[in-house]
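Q: This is structure_22.cif (mmCIF, C-alpha atoms and all ligand atoms).
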```
data_coords
#
loop_
_atom_site.label_atom_id
_atom_site.label_comp_id
_atom_site.auth_asym_id
_atom_site.auth_seq_id
_atom_site.Cartn_x
_atom_site.Cartn_y
_atom_site.Cartn_z
CA MET A 151 -15.59 -15.61 -19.07
CA ARG A 152 -16.00 -13.55 -15.93
CA VAL A 153 -13.44 -14.44 -13.26
CA THR A 154 -14.53 -14.27 -9.63
CA PRO A 155 -11.86 -12.36 -7.72
CA ARG A 156 -10.30 -13.90 -4.63
CA TYR A 157 -10.77 -10.70 -2.64
CA ARG A 158 -13.77 -8.55 -1.81
CA ARG A 159 -12.17 -5.44 -0.32
CA VAL A 160 -8.46 -4.64 -0.26
CA VAL A 161 -6.04 -1.91 0.68
CA LEU A 162 -3.20 -1.20 -1.74
CA LYS A 163 -0.07 0.33 -0.25
CA ALA A 164 2.49 1.88 -2.57
CA SER A 165 5.50 3.85 -1.43
CA GLY A 166 5.93 7.40 -2.63
CA GLU A 167 9.08 6.26 -4.41
CA ALA A 168 6.94 4.07 -6.64
CA LEU A 169 5.49 7.25 -8.17
CA MET A 170 8.72 8.96 -9.13
CA GLY A 171 9.78 6.55 -11.88
CA ASP A 172 13.37 7.22 -12.92
CA GLN A 173 13.26 10.86 -11.89
CA GLY A 174 14.79 10.51 -8.41
CA PHE A 175 12.25 12.94 -6.93
CA GLY A 176 8.62 13.95 -7.25
CA ILE A 177 5.91 12.51 -9.43
CA ASP A 178 6.15 10.91 -12.86
CA VAL A 179 2.59 11.23 -14.15
CA SER A 180 3.00 8.33 -16.59
CA VAL A 181 3.84 6.03 -13.65
CA VAL A 182 0.86 7.29 -11.66
CA ASP A 183 -1.36 6.72 -14.72
CA ARG A 184 -0.14 3.12 -14.93
CA ILE A 185 -0.90 2.43 -11.27
CA ALA A 186 -4.32 4.03 -11.79
CA ALA A 187 -4.95 1.63 -14.69
CA ASP A 188 -4.14 -1.33 -12.42
CA ILE A 189 -6.61 -0.01 -9.84
CA ALA A 190 -9.22 0.42 -12.59
CA GLU A 191 -8.74 -3.24 -13.50
CA ALA A 192 -9.35 -4.22 -9.87
CA ARG A 193 -12.56 -2.15 -9.82
CA ALA A 194 -13.67 -3.77 -13.06
CA LEU A 195 -13.33 -7.12 -11.30
CA GLY A 196 -15.70 -5.82 -8.63
CA VAL A 197 -13.05 -5.53 -5.89
CA GLU A 198 -13.43 -2.58 -3.51
CA VAL A 199 -10.14 -0.72 -3.30
CA GLY A 200 -8.66 1.56 -0.66
CA VAL A 201 -5.22 3.03 -1.32
CA VAL A 202 -2.45 4.35 0.91
CA ILE A 203 0.41 6.13 -0.83
CA GLY A 204 3.60 7.05 1.00
CA GLY A 205 5.45 10.33 0.70
CA GLY A 206 9.08 9.31 0.38
CA ASN A 207 9.35 10.67 -3.18
CA ILE A 208 8.83 14.14 -1.73
CA PHE A 209 9.68 14.20 1.94
CA ARG A 210 10.44 12.03 4.98
CA GLY A 211 10.40 13.34 8.53
CA VAL A 212 13.74 11.77 9.38
CA ALA A 213 15.37 14.05 6.80
CA VAL A 214 14.66 17.02 9.10
CA ALA A 215 15.55 15.12 12.26
CA SER A 216 18.87 13.91 10.84
CA LYS A 217 19.94 17.53 10.37
CA GLY A 218 19.04 18.50 13.92
CA GLY A 219 15.56 19.80 13.12
CA ASP A 220 12.27 19.01 14.79
CA ARG A 221 11.11 15.48 13.95
CA VAL A 222 7.45 16.27 14.55
CA THR A 223 7.52 19.13 12.05
CA GLY A 224 9.38 16.88 9.62
CA ASP A 225 6.70 14.25 9.98
CA HIS A 226 4.01 16.85 9.37
CA MET A 227 5.82 17.68 6.12
CA GLY A 228 5.93 13.97 5.26
CA MET A 229 2.21 13.65 5.85
CA LEU A 230 1.58 16.60 3.55
CA ALA A 231 3.64 14.80 0.90
CA THR A 232 1.24 11.86 1.07
CA VAL A 233 -1.64 14.24 0.41
CA ILE A 234 0.11 15.57 -2.72
CA ASN A 235 0.62 12.00 -3.95
CA SER A 236 -2.97 11.03 -3.19
CA LEU A 237 -4.28 14.03 -5.13
CA ALA A 238 -2.07 13.02 -8.06
CA LEU A 239 -3.44 9.48 -8.03
CA ARG A 240 -7.03 10.70 -7.76
CA THR A 241 -6.47 12.87 -10.82
CA SER A 242 -5.15 9.89 -12.78
CA LEU A 243 -8.07 7.71 -11.68
CA VAL A 244 -10.72 10.31 -12.52
CA LYS A 245 -9.08 10.85 -15.93
CA ILE A 246 -9.85 7.23 -16.86
CA GLY A 247 -13.36 7.27 -15.43
CA VAL A 248 -12.73 5.69 -12.04
CA ASP A 249 -14.66 7.39 -9.26
CA ALA A 250 -12.17 8.17 -6.50
CA VAL A 251 -12.08 10.28 -3.37
CA VAL A 252 -9.28 11.44 -1.08
CA LEU A 253 -9.91 11.21 2.67
CA SER A 254 -7.17 12.81 4.74
CA ALA A 255 -6.21 12.00 8.32
CA VAL A 256 -5.20 15.68 8.62
CA ALA A 257 -8.06 18.10 8.04
CA MET A 258 -7.65 20.31 4.99
CA PRO A 259 -11.22 20.83 3.83
CA GLU A 260 -10.34 23.06 0.87
CA LEU A 261 -8.35 20.21 -0.69
CA CYS A 262 -10.11 17.03 0.31
CA GLU A 263 -12.44 15.46 2.83
CA SER A 264 -11.34 14.37 6.28
CA PHE A 265 -11.05 10.68 7.08
CA SER A 266 -13.68 8.93 9.11
CA GLN A 267 -14.21 5.20 9.10
CA ARG A 268 -17.91 5.64 8.46
CA GLN A 269 -17.39 7.89 5.47
CA ALA A 270 -14.75 5.56 4.06
CA MET A 271 -17.11 2.58 4.34
CA SER A 272 -19.93 4.54 2.75
CA TYR A 273 -17.79 5.52 -0.25
CA MET A 274 -16.45 2.02 -0.68
CA ASN A 275 -19.97 0.60 -0.64
CA GLN A 276 -20.77 3.08 -3.44
CA GLY A 277 -17.89 1.63 -5.45
CA LYS A 278 -15.56 4.59 -5.13
CA VAL A 279 -11.83 4.08 -4.75
CA VAL A 280 -10.89 5.63 -1.42
CA LEU A 281 -7.43 7.19 -1.14
CA PHE A 282 -6.34 7.42 2.48
CA ALA A 283 -4.05 10.44 2.70
CA GLY A 284 -2.06 11.94 5.58
CA GLY A 285 -0.88 8.60 6.95
CA THR A 286 -2.23 7.96 10.43
CA GLY A 287 -2.31 11.71 11.11
CA ASN A 288 0.36 11.27 13.79
CA PRO A 289 4.11 11.82 13.77
CA PHE A 290 6.46 8.89 14.44
CA PHE A 291 4.29 6.61 12.33
CA THR A 292 4.66 5.47 8.74
CA THR A 293 2.28 4.97 5.86
CA ASP A 294 2.84 1.21 6.23
CA SER A 295 1.23 1.46 9.64
CA ALA A 296 -1.48 3.68 8.16
CA ALA A 297 -2.18 1.03 5.52
CA ALA A 298 -2.51 -1.74 8.14
CA LEU A 299 -4.67 0.52 10.29
CA ARG A 300 -7.03 1.44 7.46
CA ALA A 301 -7.17 -2.19 6.33
CA ALA A 302 -8.30 -3.18 9.83
CA GLU A 303 -10.80 -0.32 10.04
CA ILE A 304 -12.53 -1.11 6.77
CA GLY A 305 -12.41 -4.88 7.24
CA ALA A 306 -10.15 -5.50 4.24
CA ASP A 307 -9.48 -9.12 3.38
CA GLY A 308 -6.04 -8.31 1.95
CA LEU A 309 -3.33 -5.71 2.36
CA PHE A 310 -1.44 -5.44 -0.93
CA LYS A 311 2.06 -4.11 -0.44
CA GLY A 312 3.47 -3.00 -3.76
CA THR A 313 7.27 -3.08 -3.68
CA GLN A 314 10.22 -2.85 -6.07
CA VAL A 315 10.40 -6.66 -6.43
CA ASP A 316 7.82 -9.41 -6.83
CA GLY A 317 7.72 -10.74 -3.29
CA VAL A 318 9.73 -11.47 -0.17
CA TYR A 319 13.18 -12.95 -0.79
CA SER A 320 15.62 -14.71 1.49
CA ALA A 321 18.15 -11.99 0.57
CA ASP A 322 18.09 -8.92 -1.68
CA PRO A 323 17.65 -10.44 -5.18
CA ARG A 324 19.30 -7.40 -6.76
CA LYS A 325 22.49 -8.08 -4.80
CA ASP A 326 22.46 -11.86 -4.21
CA SER A 327 21.88 -14.23 -7.14
CA ASN A 328 21.18 -17.09 -4.67
CA ALA A 329 18.23 -15.23 -3.17
CA VAL A 330 15.00 -17.23 -3.32
CA ARG A 331 11.45 -15.92 -3.26
CA TYR A 332 9.07 -17.14 -0.57
CA GLU A 333 5.68 -18.28 -1.83
CA HIS A 334 4.09 -18.19 1.58
CA ILE A 335 5.32 -17.08 5.00
CA THR A 336 3.72 -16.09 8.29
CA HIS A 337 3.47 -12.71 10.02
CA ASP A 338 5.48 -14.27 12.87
CA GLN A 339 8.25 -15.33 10.51
CA VAL A 340 8.47 -11.85 9.02
CA MET A 341 8.87 -10.37 12.50
CA ARG A 342 11.22 -13.07 13.78
CA GLU A 343 13.55 -12.93 10.79
CA GLY A 344 13.32 -9.17 10.45
CA LEU A 345 12.27 -9.41 6.80
CA GLY A 346 11.90 -5.71 6.09
CA ILE A 347 8.73 -5.72 4.02
CA MET A 348 6.79 -3.35 6.26
CA ASP A 349 7.56 -1.85 9.63
CA THR A 350 6.95 -3.94 12.74
CA ALA A 351 3.90 -1.97 13.86
CA ALA A 352 2.21 -2.64 10.52
CA ILE A 353 2.97 -6.37 10.60
CA ALA A 354 1.77 -6.65 14.21
CA LEU A 355 -1.48 -4.86 13.40
CA ALA A 356 -2.09 -7.07 10.38
CA ARG A 357 -1.33 -10.19 12.43
CA GLU A 358 -3.65 -9.19 15.27
CA ASN A 359 -6.46 -8.58 12.84
CA HIS A 360 -5.75 -11.66 10.71
CA ILE A 361 -5.18 -9.60 7.59
CA PRO A 362 -3.02 -11.31 4.95
CA ILE A 363 -0.30 -9.16 3.40
CA ILE A 364 0.34 -9.77 -0.27
CA VAL A 365 3.78 -8.54 -1.34
CA PHE A 366 4.09 -7.96 -5.09
CA SER A 367 5.83 -5.76 -7.64
CA ILE A 368 4.11 -2.42 -8.09
CA HIS A 369 6.03 -2.02 -11.37
CA GLU A 370 4.53 -5.03 -13.14
CA GLU A 371 1.68 -3.86 -15.32
CA GLY A 372 -1.44 -5.94 -14.60
CA GLY A 373 0.26 -7.62 -11.63
CA PHE A 374 -2.29 -6.37 -9.10
CA GLY A 375 -5.24 -7.65 -11.14
CA ALA A 376 -3.57 -10.99 -11.81
CA ILE A 377 -3.14 -11.64 -8.08
CA LEU A 378 -6.73 -10.59 -7.38
CA LYS A 379 -7.78 -13.22 -9.91
CA GLY A 380 -5.66 -15.89 -8.21
CA SER A 381 -2.53 -15.91 -10.38
CA GLY A 382 0.44 -13.57 -10.57
CA ARG A 383 3.71 -13.48 -8.68
CA CYS A 384 3.69 -12.54 -5.03
CA THR A 385 4.49 -13.66 -1.52
CA MET A 386 1.54 -14.36 0.75
CA VAL A 387 2.07 -13.41 4.39
CA ASP A 388 -0.60 -14.82 6.68
CA ASP A 389 -1.29 -16.90 9.79
CA GLY A 390 -1.04 -20.23 7.95
CA ALA A 391 1.80 -22.68 7.78
CA ALA A 392 4.97 -21.34 6.21
CA THR A 393 6.56 -23.17 3.30
CA GLU A 394 10.05 -23.45 1.93
CA PRO A 395 11.10 -20.68 -0.43
CA ALA A 396 9.84 -21.12 -4.00
CA LYS A 397 12.28 -21.41 -6.88
CA PRO A 398 12.57 -17.97 -8.48
N1 LIG B 1 4.33 10.13 8.26
C1 LIG B 1 3.96 10.37 9.58
N2 LIG B 1 2.92 9.67 10.09
C2 LIG B 1 2.24 8.73 9.40
C3 LIG B 1 2.63 8.48 8.07
C4 LIG B 1 3.69 9.18 7.51
O1 LIG B 1 4.56 11.20 10.25
O2 LIG B 1 1.28 8.14 9.93
C5 LIG B 1 5.42 10.95 7.66
C6 LIG B 1 6.83 10.49 8.02
O3 LIG B 1 7.65 11.63 8.11
C7 LIG B 1 7.21 9.68 6.79
C8 LIG B 1 6.56 10.46 5.68
O4 LIG B 1 5.32 10.89 6.24
O5 LIG B 1 8.61 9.62 6.63
C9 LIG B 1 6.30 9.67 4.41
O6 LIG B 1 5.72 8.42 4.71
P1 LIG B 1 6.52 7.05 4.47
O7 LIG B 1 7.95 7.21 4.90
O8 LIG B 1 5.74 5.96 5.11
O9 LIG B 1 6.42 6.97 2.89
P2 LIG B 1 6.97 5.85 1.89
O10 LIG B 1 8.29 5.36 2.42
O11 LIG B 1 5.96 4.75 1.85
O12 LIG B 1 7.07 6.57 0.57
#
```
Now that the file is in, can you turn its structure into C-alpha cells?
Ligand code: UDP
A:
Amino acid sequence: MRVTPRYRRVVLKASGEALMGDQGFGIDVSVVDRIAADIAEARALGVEVGVVIGGGNIFRGVAVASKGGDRVTGDHMGMLATVINSLALRTSLVKIGVDAVVLSAVAMPELCESFSQRQAMSYMNQGKVVLFAGGTGNPFFTTDSAAALRAAEIGADGLFKGTQVDGVYSADPRKDSNAVRYEHITHDQVMREGLGIMDTAAIALARENHIPIIVFSIHEEGGFGAILKGSGRCTMVDDGAATEPAKP
C-alpha cells in the first residue's frame, strides 16, 4: 500500500560530524552511503528534498580564531569544507540512481553550480535532490542558519535536523539517565530554555517563517523515511502548544 507522506518539500540538515563515523575526522563513505539511502527513500515517497551538510568533520572557523588567526578566513575554510561534504553526498546519491545537484553559496563553477533560489526551485520541481553547499556564503554564520534560510527560501514544510540522538531531551541523555525526550515543543520554548538543538538565528528564522523543525537521529537507518510517513522517533518543534516530555 502506498503511504502518503506528511511532507511535500523538506530540508535535511546534517552536521559534518555525522559523516565521519567513528573516524574522528573526515568522511566515512559507508556512512555517507547510508544517509544517501535514507534520502533515496524520501524521494521514493515523492518528497522533495534539499540538504544542508555542515563542515565540522573537516574544519570550523573558530579553530583558526581560537589560535589568534583571522576568523573570516577560518570561516571561508569552513564553508569550503561544506562543499567537500556536499560533493561526497552527491556522489553517494548518484551511485544509487538518485538525481542530485550541488548548488554552492560561494561561486566555484568548475566544481558545482552557484546557488540561486530560482535554480533551486527549478531543480526541486524536476525531482532532483538539491544539496545546498557553502553555508550562507557569509562568515560568522553556521550551516544551521543556512538550513533555516534555504528552508524559508524554497518554502519547505519541514526542517529536519539530524542529530546524534533521537530528539530534544530535558538533559543530555548520554550523561543523565533521568533525561526525558520531548514529543513536542515550541520554537519559543527552545529559545527560552536554551535547548541547544540549533543556533538561535536558525530557530528565530524558522519561527518567523512558521517552519517546523523535526529533530531526529541521523544515525537510525530508515528514521528519516519513517518520520516522513508519520511514525518514527523525533521531537517536533513548532508554533503549537507544547506538551510534557514523553517517556523515553
Ligand atoms: N560557515 C560559515 N558560514 C556559514 C556556514 C558555515 O562561515 O554560513 C563556516 C564556519 O566556520 C563553520 C564551518 O563553516 O564553523 C562549518 O559549518 P558548521 O559549524 O555549521 O558545521 P557543522 O557543525 O554542522 O558540521
Q: Give me, as a PDB file with C-alpha atoms, in the frame of the given file, all polymer residues having an atom no more than 9 Å from A:Gly317, counting all atoms listed in the file and skipping those fewer than 4 positions away in the same chain.
A:
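And here is the file that came out, result-v5.pdb:
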```
ATOM      1  CA  GLY A 312       3.470  -3.000  -3.760  1.00  0.00           C
ATOM      2  CA  THR A 313       7.270  -3.080  -3.680  1.00  0.00           C
ATOM      3  CA  ARG A 331      11.450 -15.920  -3.260  1.00  0.00           C
ATOM      4  CA  TYR A 332       9.070 -17.140  -0.570  1.00  0.00           C
ATOM      5  CA  GLU A 333       5.680 -18.280  -1.830  1.00  0.00           C
ATOM      6  CA  ILE A 347       8.730  -5.720   4.020  1.00  0.00           C
ATOM      7  CA  ILE A 364       0.340  -9.770  -0.270  1.00  0.00           C
ATOM      8  CA  VAL A 365       3.780  -8.540  -1.340  1.00  0.00           C
ATOM      9  CA  PHE A 366       4.090  -7.960  -5.090  1.00  0.00           C
ATOM     10  CA  SER A 367       5.830  -5.760  -7.640  1.00  0.00           C
ATOM     11  CA  ARG A 383       3.710 -13.480  -8.680  1.00  0.00           C
ATOM     12  CA  CYS A 384       3.690 -12.540  -5.030  1.00  0.00           C
ATOM     13  CA  THR A 385       4.490 -13.660  -1.520  1.00  0.00           C
ATOM     14  CA  MET A 386       1.540 -14.360   0.750  1.00  0.00           C
TER      15      MET A 386
END
```
Q: Smallest atom-to-atom distance to A:Gly380: which of A:Ala190, A:Leu261, A:Ala231, A:Val153, using all atoms listed in the file?
A: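 Of all the options, A:Val153 lies closest to A:Gly380.
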Q: Taking all atoms listed in the file into account, list the residues no farther than 10 Å from ligand LIG 1 (chain B), as number ranges by chain.
A: A: 163-169, 202-215, 221-233, 235, 255, 283-297, 299, 311-313, 348-349
Q: To one decimal place in Å, what is the distance between atom CA of A:Pro362 and atom CA of A:Asp307?
A: 7.0 Å
Q: Can you pull out the residues contacting stretch 175-188 of chain A? Cut-off 7 Å, using all atoms listed in the file, and skip same-chain residues under 5 positions away; I want them as a CSV table (one decimal) with C-alpha atoms, in the coordinates of the input.
A:
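The file below, result18.csv, is the result:
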```
chain,number,residue,atom,x,y,z
A,169,LEU,CA,5.5,7.2,-8.2
A,170,MET,CA,8.7,9.0,-9.1
A,207,ASN,CA,9.4,10.7,-3.2
A,208,ILE,CA,8.8,14.1,-1.7
A,239,LEU,CA,-3.4,9.5,-8.0
A,242,SER,CA,-5.2,9.9,-12.8
A,243,LEU,CA,-8.1,7.7,-11.7
A,371,GLU,CA,1.7,-3.9,-15.3
A,372,GLY,CA,-1.4,-5.9,-14.6
A,374,PHE,CA,-2.3,-6.4,-9.1
A,375,GLY,CA,-5.2,-7.6,-11.1
```
Q: What is the distance between atom CA of A:Asp338 and atom CA of A:Glu370, in Å to one decimal?
A: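 Computing it gives 27.6 Å between the two atoms.
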Q: Kindly give the distance, in Å, that separates atom CA of A:Met341 and atom CA of A:Gln314, rounded to a single decimal.
A: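 Computed distance, atom CA of A:Met341 to atom CA of A:Gln314, equals 20.1 Å.
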Q: For each of A:Ser236, A:Ser320, A:Ser266, A:Ser216, take the minimum atom-to-atom distance to A:Leu281, counting all atoms listed in the file, then give the residue where this is smallest.
A: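 Going through A:Ser236, A:Ser320, A:Ser266, A:Ser216 one by one, the smallest distance to A:Leu281 is for A:Ser236.
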Q: Find the smallest box with edges along x, y and z containing every listed atom of stretch 356-373 of chain A, then add 5 Å on each side and report centre and edge lengths in Å to one decimal, as JSON.
A:
```
{"center_x": -0.2, "center_y": -6.8, "center_z": 0.0, "size_x": 22.5, "size_y": 19.6, "size_z": 40.6}
```
Q: Compile the contact shell of A:Glu263 as a list in words: residues with an atom at most 12 Å away, counting all atoms listed in the file, same-chain residues fewer than 5 positions apart removed.
A: Val233, Leu237, Ala250, Val251, Val252, Leu253, Ser254, Ala255, Val256, Ala257, Met258, Gln269, Ala270, Tyr273, Val280, Leu281, Phe282, Ala283 and Gly284 of chain A
Q: Which one is closest to A:Arg240: A:Ala356, A:Leu195, A:Ala376, A:Ile189? Count only C-alpha atoms.
A: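 The shortest atom-to-atom distance to A:Arg240 comes from A:Ile189.
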Q: Of the residues A:Leu355, A:Ala301, A:Ile368, A:Gly390, which is the one nearest to A:Gly171, using only C-alpha atoms?
A: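 The shortest atom-to-atom distance to A:Gly171 comes from A:Ile368.
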Q: Please list, as a ChimeraX atom specification, the residues that have an atom at most 7 Å away from (3.9, -16.6, 6.4) in the coordinates of this file, counting all atoms listed in the file.
A: /A:334-337,339,386-392
Q: Give the answer as one residue: which of A:Val279, A:Ile363, A:Gly247, A:Tyr157 has the shortest atom-to-atom distance to A:Val197, using all atoms listed in the file?
A: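 Among the listed residues, A:Tyr157 lies closest to A:Val197.
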Q: Once N, CA and C atoms are restored for stretch 244-280 of chain A, what would the output be as a JSON list (two decimals), in the frame of the given file?
A:
```json
[["chain", "number", "residue", "atom", "x", "y", "z"],
["A", 244, "VAL", "N", -9.55, 9.61, -11.98],
["A", 244, "VAL", "CA", -10.72, 10.31, -12.52],
["A", 244, "VAL", "C", -10.60, 10.45, -14.04],
["A", 245, "LYS", "N", -9.37, 10.69, -14.49],
["A", 245, "LYS", "CA", -9.08, 10.85, -15.93],
["A", 245, "LYS", "C", -9.51, 9.63, -16.74],
["A", 246, "ILE", "N", -9.45, 8.45, -16.12],
["A", 246, "ILE", "CA", -9.85, 7.23, -16.86],
["A", 246, "ILE", "C", -11.22, 6.72, -16.40],
["A", 247, "GLY", "N", -11.97, 7.60, -15.74],
["A", 247, "GLY", "CA", -13.36, 7.27, -15.43],
["A", 247, "GLY", "C", -13.58, 6.46, -14.18],
["A", 248, "VAL", "N", -12.56, 6.41, -13.30],
["A", 248, "VAL", "CA", -12.73, 5.69, -12.04],
["A", 248, "VAL", "C", -13.09, 6.70, -10.95],
["A", 249, "ASP", "N", -14.22, 6.48, -10.30],
["A", 249, "ASP", "CA", -14.66, 7.39, -9.26],
["A", 249, "ASP", "C", -13.75, 7.22, -8.04],
["A", 250, "ALA", "N", -13.13, 8.29, -7.60],
["A", 250, "ALA", "CA", -12.17, 8.17, -6.50],
["A", 250, "ALA", "C", -12.26, 9.40, -5.61],
["A", 251, "VAL", "N", -11.99, 9.19, -4.33],
["A", 251, "VAL", "CA", -12.08, 10.28, -3.37],
["A", 251, "VAL", "C", -10.90, 10.21, -2.42],
["A", 252, "VAL", "N", -10.38, 11.39, -2.04],
["A", 252, "VAL", "CA", -9.28, 11.44, -1.08],
["A", 252, "VAL", "C", -9.85, 11.77, 0.30],
["A", 253, "LEU", "N", -9.53, 10.94, 1.28],
["A", 253, "LEU", "CA", -9.91, 11.21, 2.67],
["A", 253, "LEU", "C", -8.61, 11.38, 3.46],
["A", 254, "SER", "N", -8.43, 12.54, 4.05],
["A", 254, "SER", "CA", -7.17, 12.81, 4.74],
["A", 254, "SER", "C", -7.30, 12.68, 6.25],
["A", 255, "ALA", "N", -6.26, 12.11, 6.86],
["A", 255, "ALA", "CA", -6.21, 12.00, 8.32],
["A", 255, "ALA", "C", -5.93, 13.36, 8.95],
["A", 256, "VAL", "N", -5.45, 14.31, 8.15],
["A", 256, "VAL", "CA", -5.20, 15.68, 8.62],
["A", 256, "VAL", "C", -6.20, 16.57, 7.90],
["A", 257, "ALA", "N", -6.99, 17.32, 8.66],
["A", 257, "ALA", "CA", -8.06, 18.10, 8.04],
["A", 257, "ALA", "C", -7.52, 19.19, 7.13],
["A", 258, "MET", "N", -7.97, 19.22, 5.92],
["A", 258, "MET", "CA", -7.65, 20.31, 4.99],
["A", 258, "MET", "C", -8.83, 20.42, 4.01],
["A", 259, "PRO", "N", -9.94, 20.92, 4.54],
["A", 259, "PRO", "CA", -11.22, 20.83, 3.83],
["A", 259, "PRO", "C", -11.24, 21.48, 2.45],
["A", 260, "GLU", "N", -10.35, 22.44, 2.21],
["A", 260, "GLU", "CA", -10.34, 23.06, 0.87],
["A", 260, "GLU", "C", -9.80, 22.10, -0.19],
["A", 261, "LEU", "N", -9.00, 21.12, 0.27],
["A", 261, "LEU", "CA", -8.35, 20.21, -0.69],
["A", 261, "LEU", "C", -9.03, 18.86, -0.80],
["A", 262, "CYS", "N", -9.50, 18.36, 0.32],
["A", 262, "CYS", "CA", -10.11, 17.03, 0.31],
["A", 262, "CYS", "C", -10.90, 16.83, 1.61],
["A", 263, "GLU", "N", -11.65, 15.75, 1.64],
["A", 263, "GLU", "CA", -12.44, 15.46, 2.83],
["A", 263, "GLU", "C", -11.57, 14.87, 3.93],
["A", 264, "SER", "N", -12.06, 14.97, 5.16],
["A", 264, "SER", "CA", -11.34, 14.37, 6.28],
["A", 264, "SER", "C", -11.73, 12.90, 6.41],
["A", 265, "PHE", "N", -10.78, 12.12, 6.91],
["A", 265, "PHE", "CA", -11.05, 10.68, 7.08],
["A", 265, "PHE", "C", -12.00, 10.43, 8.24],
["A", 266, "SER", "N", -12.98, 9.60, 8.02],
["A", 266, "SER", "CA", -13.68, 8.93, 9.11],
["A", 266, "SER", "C", -13.97, 7.52, 8.60],
["A", 267, "GLN", "N", -13.98, 6.59, 9.51],
["A", 267, "GLN", "CA", -14.21, 5.20, 9.10],
["A", 267, "GLN", "C", -15.57, 5.06, 8.43],
["A", 268, "ARG", "N", -16.56, 5.76, 8.99],
["A", 268, "ARG", "CA", -17.91, 5.64, 8.46],
["A", 268, "ARG", "C", -18.01, 6.17, 7.03],
["A", 269, "GLN", "N", -17.37, 7.30, 6.81],
["A", 269, "GLN", "CA", -17.39, 7.89, 5.47],
["A", 269, "GLN", "C", -16.66, 6.99, 4.47],
["A", 270, "ALA", "N", -15.53, 6.45, 4.94],
["A", 270, "ALA", "CA", -14.75, 5.56, 4.06],
["A", 270, "ALA", "C", -15.60, 4.35, 3.65],
["A", 271, "MET", "N", -16.27, 3.75, 4.63],
["A", 271, "MET", "CA", -17.11, 2.58, 4.34],
["A", 271, "MET", "C", -18.23, 2.95, 3.37],
["A", 272, "SER", "N", -18.82, 4.11, 3.60],
["A", 272, "SER", "CA", -19.93, 4.54, 2.75],
["A", 272, "SER", "C", -19.46, 4.70, 1.29],
["A", 273, "TYR", "N", -18.32, 5.33, 1.11],
["A", 273, "TYR", "CA", -17.79, 5.52, -0.25],
["A", 273, "TYR", "C", -17.42, 4.18, -0.90],
["A", 274, "MET", "N", -16.84, 3.31, -0.10],
["A", 274, "MET", "CA", -16.45, 2.02, -0.68],
["A", 274, "MET", "C", -17.69, 1.23, -1.10],
["A", 275, "ASN", "N", -18.72, 1.29, -0.28],
["A", 275, "ASN", "CA", -19.97, 0.60, -0.64],
["A", 275, "ASN", "C", -20.57, 1.17, -1.93],
["A", 276, "GLN", "N", -20.28, 2.46, -2.18],
["A", 276, "GLN", "CA", -20.77, 3.08, -3.44],
["A", 276, "GLN", "C", -19.86, 2.75, -4.62],
["A", 277, "GLY", "N", -18.80, 2.03, -4.37],
["A", 277, "GLY", "CA", -17.89, 1.63, -5.45],
["A", 277, "GLY", "C", -16.80, 2.63, -5.76],
["A", 278, "LYS", "N", -16.65, 3.63, -4.89],
["A", 278, "LYS", "CA", -15.56, 4.59, -5.13],
["A", 278, "LYS", "C", -14.24, 4.03, -4.61],
["A", 279, "VAL", "N", -13.17, 4.37, -5.28],
["A", 279, "VAL", "CA", -11.83, 4.08, -4.75],
["A", 279, "VAL", "C", -11.55, 5.13, -3.69],
["A", 280, "VAL", "N", -11.16, 4.69, -2.50],
["A", 280, "VAL", "CA", -10.89, 5.63, -1.42],
["A", 280, "VAL", "C", -9.38, 5.74, -1.20]]
```
